[in-house]
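Peer 1: Pasting query-v5.txt below, which is compact mmCIF, C-alpha atoms.
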# COMPACT_ATOMS: atom_id res chain seq x y z
CA MET O 1 -21.79 24.40 -2.26
CA ILE O 2 -23.32 26.04 -5.31
CA GLU O 3 -20.76 28.84 -5.41
CA ASN O 4 -18.01 26.25 -5.93
CA MET O 5 -20.10 24.51 -8.59
CA LEU O 6 -20.38 27.82 -10.43
CA LYS O 7 -16.65 28.56 -10.14
CA GLU O 8 -15.69 25.10 -11.36
CA GLY O 9 -18.10 25.31 -14.29
CA ALA O 10 -16.81 28.73 -15.32
CA ALA O 11 -13.21 27.48 -15.07
CA ILE O 12 -13.95 24.95 -17.84
CA TYR O 13 -14.24 27.96 -20.16
CA GLY O 14 -11.15 29.66 -18.81
CA VAL O 15 -12.99 32.03 -16.50
CA ASP O 16 -11.69 32.65 -12.98
CA LEU O 17 -14.69 34.21 -11.26
CA THR O 18 -14.06 36.94 -8.70
CA ASP O 19 -15.97 37.05 -5.42
CA GLU O 20 -17.94 40.02 -6.78
CA GLN O 21 -18.95 38.09 -9.89
CA VAL O 22 -20.06 35.10 -7.79
CA LYS O 23 -22.14 37.51 -5.70
CA GLN O 24 -23.73 38.92 -8.87
CA PHE O 25 -24.62 35.42 -10.07
CA MET O 26 -26.16 34.57 -6.69
CA THR O 27 -28.24 37.77 -6.77
CA TYR O 28 -29.41 36.79 -10.24
CA LYS O 29 -30.28 33.24 -9.12
CA ASN O 30 -32.25 34.45 -6.11
CA LEU O 31 -34.23 36.97 -8.15
CA LEU O 32 -34.94 34.35 -10.83
CA GLN O 33 -36.36 31.98 -8.23
CA GLU O 34 -38.34 34.74 -6.51
CA TRP O 35 -39.85 36.23 -9.68
CA ASN O 36 -40.59 32.82 -11.16
CA GLU O 37 -43.31 32.44 -8.55
CA LYS O 38 -45.06 35.46 -10.08
CA ILE O 39 -44.30 35.13 -13.80
CA ASN O 40 -43.20 32.16 -15.87
CA LEU O 41 -39.48 32.62 -16.49
CA THR O 42 -38.10 29.08 -16.40
CA ALA O 43 -39.09 25.48 -15.67
CA ILE O 44 -35.68 24.97 -14.02
CA THR O 45 -35.72 26.51 -10.56
CA ASP O 46 -33.54 24.35 -8.28
CA ASP O 47 -30.14 25.77 -7.35
CA GLU O 48 -28.08 23.14 -9.16
CA GLY O 49 -30.24 23.31 -12.27
CA VAL O 50 -30.00 27.09 -12.48
CA ILE O 51 -26.22 27.03 -12.02
CA LYS O 52 -25.54 24.24 -14.52
CA LYS O 53 -28.31 24.45 -17.11
CA HIS O 54 -28.63 28.23 -17.25
CA PHE O 55 -25.48 29.95 -15.98
CA ILE O 56 -22.74 27.56 -17.11
CA ASP O 57 -24.55 26.75 -20.34
CA SER O 58 -24.69 30.50 -21.07
CA ILE O 59 -21.00 30.99 -20.21
CA ALA O 60 -20.20 28.48 -22.97
CA ILE O 61 -20.75 31.28 -25.51
CA LEU O 62 -17.19 32.38 -24.72
CA LYS O 63 -15.93 29.36 -26.71
CA SER O 64 -17.05 31.15 -29.86
CA ASN O 65 -13.99 33.44 -29.51
CA VAL O 66 -15.67 36.22 -31.49
CA ILE O 67 -16.69 38.60 -28.68
CA GLU O 68 -14.03 41.29 -28.77
CA GLU O 69 -13.27 43.92 -26.12
CA GLY O 70 -16.09 46.47 -25.90
CA ALA O 71 -18.29 44.57 -28.37
CA THR O 72 -21.92 45.53 -28.86
CA VAL O 73 -24.09 42.48 -28.16
CA ILE O 74 -27.84 41.91 -28.54
CA ASP O 75 -29.56 38.92 -26.94
CA VAL O 76 -32.66 38.31 -29.06
CA GLY O 77 -35.70 36.84 -27.32
CA THR O 78 -33.68 36.86 -24.12
CA GLY O 79 -36.48 35.61 -21.85
CA ALA O 80 -35.01 35.35 -18.35
CA GLY O 81 -31.71 36.81 -19.60
CA PHE O 82 -29.82 33.86 -21.04
CA PRO O 83 -27.12 34.01 -22.29
CA GLY O 84 -26.90 37.82 -22.11
CA ILE O 85 -26.72 38.48 -18.37
CA PRO O 86 -24.22 35.70 -17.52
CA LEU O 87 -22.06 36.98 -20.39
CA LYS O 88 -22.30 40.56 -19.06
CA ILE O 89 -21.30 39.48 -15.54
CA ILE O 90 -18.19 37.80 -16.91
CA ARG O 91 -17.49 40.44 -19.57
CA PRO O 92 -18.49 43.82 -18.09
CA ASP O 93 -16.70 45.51 -21.03
CA ILE O 94 -19.45 44.58 -23.53
CA LYS O 95 -22.37 46.86 -24.32
CA LEU O 96 -25.43 44.65 -23.97
CA THR O 97 -28.99 44.94 -25.28
CA LEU O 98 -31.58 42.51 -23.94
CA LEU O 99 -34.58 42.30 -26.28
CA ASP O 100 -37.84 40.59 -25.37
CA SER O 101 -41.49 40.85 -26.41
CA LEU O 102 -42.96 40.52 -22.90
CA ASN O 103 -42.88 43.61 -20.69
CA LYS O 104 -43.04 41.58 -17.47
CA ARG O 105 -39.77 39.90 -18.40
CA ILE O 106 -38.23 43.27 -19.22
CA LYS O 107 -39.13 44.47 -15.71
CA PHE O 108 -37.45 41.38 -14.28
CA LEU O 109 -34.30 41.96 -16.35
CA GLU O 110 -34.14 45.62 -15.27
CA THR O 111 -34.41 44.54 -11.64
CA VAL O 112 -31.59 42.01 -12.04
CA CYS O 113 -29.32 44.59 -13.67
CA ASN O 114 -30.06 47.15 -10.95
CA GLU O 115 -29.62 44.81 -8.00
CA ALA O 116 -26.55 43.06 -9.43
CA GLY O 117 -24.95 46.40 -10.31
CA LEU O 118 -24.66 45.72 -14.03
CA GLU O 119 -23.97 48.84 -16.07
CA GLY O 120 -24.11 49.34 -19.82
CA VAL O 121 -27.22 47.18 -20.30
CA LYS O 122 -30.24 48.31 -22.29
CA CYS O 123 -33.50 46.37 -21.88
CA VAL O 124 -35.79 46.74 -24.91
CA HIS O 125 -39.45 45.72 -24.98
CA MET O 126 -39.95 44.79 -28.63
CA ARG O 127 -40.67 41.85 -30.87
CA ALA O 128 -37.64 40.55 -32.76
CA GLU O 129 -39.16 41.19 -36.21
CA ASP O 130 -39.88 44.82 -35.24
CA GLY O 131 -36.42 45.25 -33.75
CA GLY O 132 -34.82 43.92 -36.92
CA ARG O 133 -36.48 46.74 -38.88
CA ASP O 134 -35.82 49.47 -36.30
CA LYS O 135 -33.18 51.89 -37.62
CA THR O 136 -31.64 52.27 -34.14
CA LEU O 137 -31.08 48.50 -33.89
CA ARG O 138 -30.74 47.14 -37.42
CA GLU O 139 -27.15 46.16 -38.30
CA LYS O 140 -25.84 47.98 -35.19
CA TYR O 141 -24.34 45.01 -33.34
CA ASP O 142 -21.05 43.14 -33.43
CA ILE O 143 -22.79 40.08 -31.98
CA ALA O 144 -26.38 38.83 -32.00
CA THR O 145 -27.09 35.78 -29.89
CA ALA O 146 -30.08 33.65 -28.95
CA ARG O 147 -30.67 30.54 -26.87
CA ALA O 148 -33.57 28.10 -27.22
CA VAL O 149 -35.79 30.51 -29.18
CA ALA O 150 -36.56 28.72 -32.46
CA ASN O 151 -35.03 26.38 -35.03
CA MET O 152 -32.03 27.74 -36.91
CA ARG O 153 -33.86 28.53 -40.17
CA VAL O 154 -36.36 30.72 -38.35
CA LEU O 155 -33.91 32.08 -35.80
CA SER O 156 -31.47 33.27 -38.47
CA GLU O 157 -34.12 35.53 -40.00
CA TYR O 158 -34.89 37.06 -36.62
CA CYS O 159 -31.25 37.58 -35.60
CA MET O 160 -29.15 38.29 -38.69
CA PRO O 161 -30.72 41.71 -39.41
CA PHE O 162 -29.25 43.02 -36.13
CA VAL O 163 -25.67 42.11 -37.06
CA LYS O 164 -23.19 44.51 -38.67
CA VAL O 165 -21.32 43.36 -41.75
CA GLY O 166 -18.22 41.69 -40.33
CA GLY O 167 -20.05 40.79 -37.12
CA HIS O 168 -21.34 37.42 -35.93
CA PHE O 169 -24.53 35.61 -35.00
CA VAL O 170 -23.94 33.00 -32.28
CA ALA O 171 -26.77 30.53 -31.65
CA LEU O 172 -26.71 28.35 -28.53
CA LYS O 173 -28.19 25.03 -29.57
CA GLY O 174 -28.76 21.57 -28.14
CA PRO O 175 -27.76 18.18 -29.61
CA SER O 176 -29.64 18.91 -32.85
CA GLY O 177 -27.27 21.75 -33.76
CA TYR O 178 -25.61 20.00 -36.70
CA ASP O 179 -28.92 18.99 -38.29
CA GLU O 180 -30.39 22.45 -37.76
CA LEU O 181 -27.37 24.07 -39.36
CA ASN O 182 -27.56 21.83 -42.43
CA ASP O 183 -31.22 22.76 -42.85
CA ALA O 184 -30.42 26.47 -42.37
CA ARG O 185 -27.52 26.93 -44.79
CA ASN O 186 -29.75 28.47 -47.45
CA ALA O 187 -31.37 30.80 -44.91
CA VAL O 188 -28.00 31.90 -43.51
CA GLY O 189 -26.65 32.62 -47.00
CA THR O 190 -29.78 34.48 -48.10
CA LEU O 191 -29.50 36.75 -45.05
CA GLY O 192 -25.87 37.64 -45.78
CA GLY O 193 -24.10 35.13 -43.59
CA LYS O 194 -21.77 32.18 -43.79
CA CYS O 195 -21.29 29.50 -41.16
CA ARG O 196 -17.87 29.92 -39.60
CA GLU O 197 -17.91 26.89 -37.32
CA ILE O 198 -19.94 24.74 -34.94
CA ILE O 199 -18.46 24.17 -31.50
CA GLU O 200 -19.45 21.39 -29.09
CA THR O 201 -19.93 22.37 -25.45
CA THR O 202 -20.71 20.36 -22.33
CA ILE O 203 -22.32 20.96 -18.96
CA PRO O 204 -20.52 19.40 -15.98
CA GLY O 205 -22.29 16.24 -14.83
CA GLU O 206 -24.62 16.21 -17.86
CA ASP O 207 -24.38 13.75 -20.76
CA ILE O 208 -26.07 15.96 -23.34
CA LYS O 209 -23.81 17.74 -25.81
CA HIS O 210 -24.71 21.30 -26.73
CA ASN O 211 -23.49 23.29 -29.72
CA LEU O 212 -22.55 26.86 -30.56
CA ILE O 213 -23.29 27.75 -34.17
CA VAL O 214 -21.11 30.68 -35.23
CA VAL O 215 -22.20 32.58 -38.34
CA GLU O 216 -20.15 35.41 -39.83
CA LYS O 217 -21.97 38.19 -41.70
CA HIS O 218 -20.24 39.13 -44.93
CA LYS O 219 -22.89 41.27 -46.62
CA SER O 220 -25.83 43.44 -45.62
CA THR O 221 -29.21 41.77 -45.09
CA GLU O 222 -31.75 42.67 -47.77
CA ALA O 223 -34.36 45.22 -46.66
CA ARG O 224 -37.21 42.71 -47.12
CA PHE O 225 -35.98 40.73 -44.11
CA PRO O 226 -37.17 40.02 -41.51
CA ARG O 227 -40.60 39.18 -42.86
CA VAL O 228 -43.71 39.06 -40.67
CA PRO O 229 -43.86 36.05 -38.28
CA LYS O 230 -46.62 34.26 -40.23
CA GLN O 231 -44.45 34.25 -43.34
CA ILE O 232 -41.33 33.21 -41.43
CA ASP O 233 -43.10 30.31 -39.73
CA LYS O 234 -45.15 29.21 -42.74
CA LYS O 235 -42.37 29.46 -45.29
CA PRO O 236 -38.94 29.54 -43.63
CA LEU O 237 -35.99 30.37 -45.86
Will you turn the file into structure tokens for me?

Peer 2:
Amino acid sequence: MIENMLKEGAAIYGVDLTDEQVKQFMTYKNLLQEWNEKINLTAITDDEGVIKKHFIDSIAILKSNVIEEGATVIDVGTGAGFPGIPLKIIRPDIKLTLLDSLNKRIKFLETVCNEAGLEGVKCVHMRAEDGGRDKTLREKYDIATARAVANMRVLSEYCMPFVKVGGHFVALKGPSGYDELNDARNAVGTLGGKCREIIETTIPGEDIKHNLIVVEKHKSTEARFPRVPKQIDKKPL
């Protein structure tokens, strides 16, 4: 039973899901599968895959231990809503912004939030590099997060401008997390951050190790960042 699979997976991270939260996750799953027939949201569509590889993998962000009560969180390049929406279901106290460049995905995310009864969520249709320069978003968040968007050198430049000084950038990475972090140390430092720690996470029944890279922001990001995408991709920090 997939509900039990979800509960057991969440329990690994110290989360005791309520019946209402399970219902919200099931609403999310059903909408993801339904909308995926119309727009490309994910290659993983089977029930078990969605529960394990999307929901439980997203819940792993709680191991970062930096998301305080009432925190402002932005999920950059959120796509189908990972890890932002699973985090919001578990932590309704956070104030969440879901940012994505494709309007069709924004419509999907708004539908999920409405039908699952999630309040305090703002869905923003904007490219990350534009958002990072927007005065209403730049350095306004306690937490910026991203999952499977780009390598750490590139991703840091897209995400760090959103983070307040004293806040954190939490990247959800696969097995290559350690190598990516080593390559990105200069980028992280240039953008005002310092790696706090890297935390291994697992998915029940899966052999692959995933990693949370936790970066603390100790000084403001220079106004010249983020650069335009061509510069970021061609000459990463």

Peer 1: What is the distance between atom CA of Gly9 of chain O and atom CA of Glu69 of chain O, in Å to one decimal?

Peer 2: 22.6 Å

Peer 1: Within 8 Å of Ser101 of chain O, counting all atoms listed in the file, which residues show up once you throw out same-chain ones fewer than 4 positions away? Write them as a list in words, please.

Peer 2: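 Answer for this query is Gly77, His125, Met126, Arg127 and Ala128 of chain O.
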
Peer 1: With C-alpha atoms retained, could you export that selection as an mmCIF file, in the frame of the given file?

Peer 2:
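Saved file result22.cif follows:
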data_model
loop_
_atom_site.group_PDB
_atom_site.id
_atom_site.type_symbol
_atom_site.label_atom_id
_atom_site.label_comp_id
_atom_site.auth_asym_id
_atom_site.auth_seq_id
_atom_site.Cartn_x
_atom_site.Cartn_y
_atom_site.Cartn_z
ATOM 1 C CA GLY O 77 -35.700 36.840 -27.320
ATOM 2 C CA HIS O 125 -39.450 45.720 -24.980
ATOM 3 C CA MET O 126 -39.950 44.790 -28.630
ATOM 4 C CA ARG O 127 -40.670 41.850 -30.870
ATOM 5 C CA ALA O 128 -37.640 40.550 -32.760
#

Peer 1: Given all atoms listed in the file as the basis, pick out the residue of O:Gly193, O:Gly81, O:Pro229, O:Gly70 nearest to Val124 of chain O.

Peer 2: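 That would be O:Gly81, the residue with the smallest distance to Val124 of chain O.
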
Peer 1: What is the distance, in Å and to one decimal place, between atom CA of Lys63 of chain O and atom CA of Leu17 of chain O?

Peer 2: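 Separation between atom CA of Lys63 of chain O and atom CA of Leu17 of chain O: 16.2 Å.
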
Peer 1: Tell me, as a PyMOL selection string, which residues lie within 9 Å of Ile39 of chain O, counting all atoms listed in the file; anything in the same chain fewer than 4 positions away does not count.

Peer 2: chain O and resi 35+104-105

Peer 1: Which one is closest to Glu110 of chain O: O:Gly166, O:Lys7, O:Leu31, O:Gly49? Count only C-alpha atoms.

Peer 2: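 Counting only C-alpha atoms, the residue closest to Glu110 of chain O is O:Leu31.
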
Peer 1: Would you pick out the contacts of segment 139-148 of chain O at 7 Å or less, using only C-alpha atoms, so that residues sharing its chain but fewer than 6 positions from it are not included, and give the list as an MDAnalysis selection string?

Peer 2: chainID O and resid 71:78 82:83 159 161:164 167:173

Peer 1: Could you check the closest approach to Leu181 of chain O for each of O:Leu212, O:Val165, O:Pro226, O:Thr201 and tell me which residue wins, using all atoms listed in the file?

Peer 2: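 Of the candidates, the smallest distance to Leu181 of chain O is held by O:Leu212.
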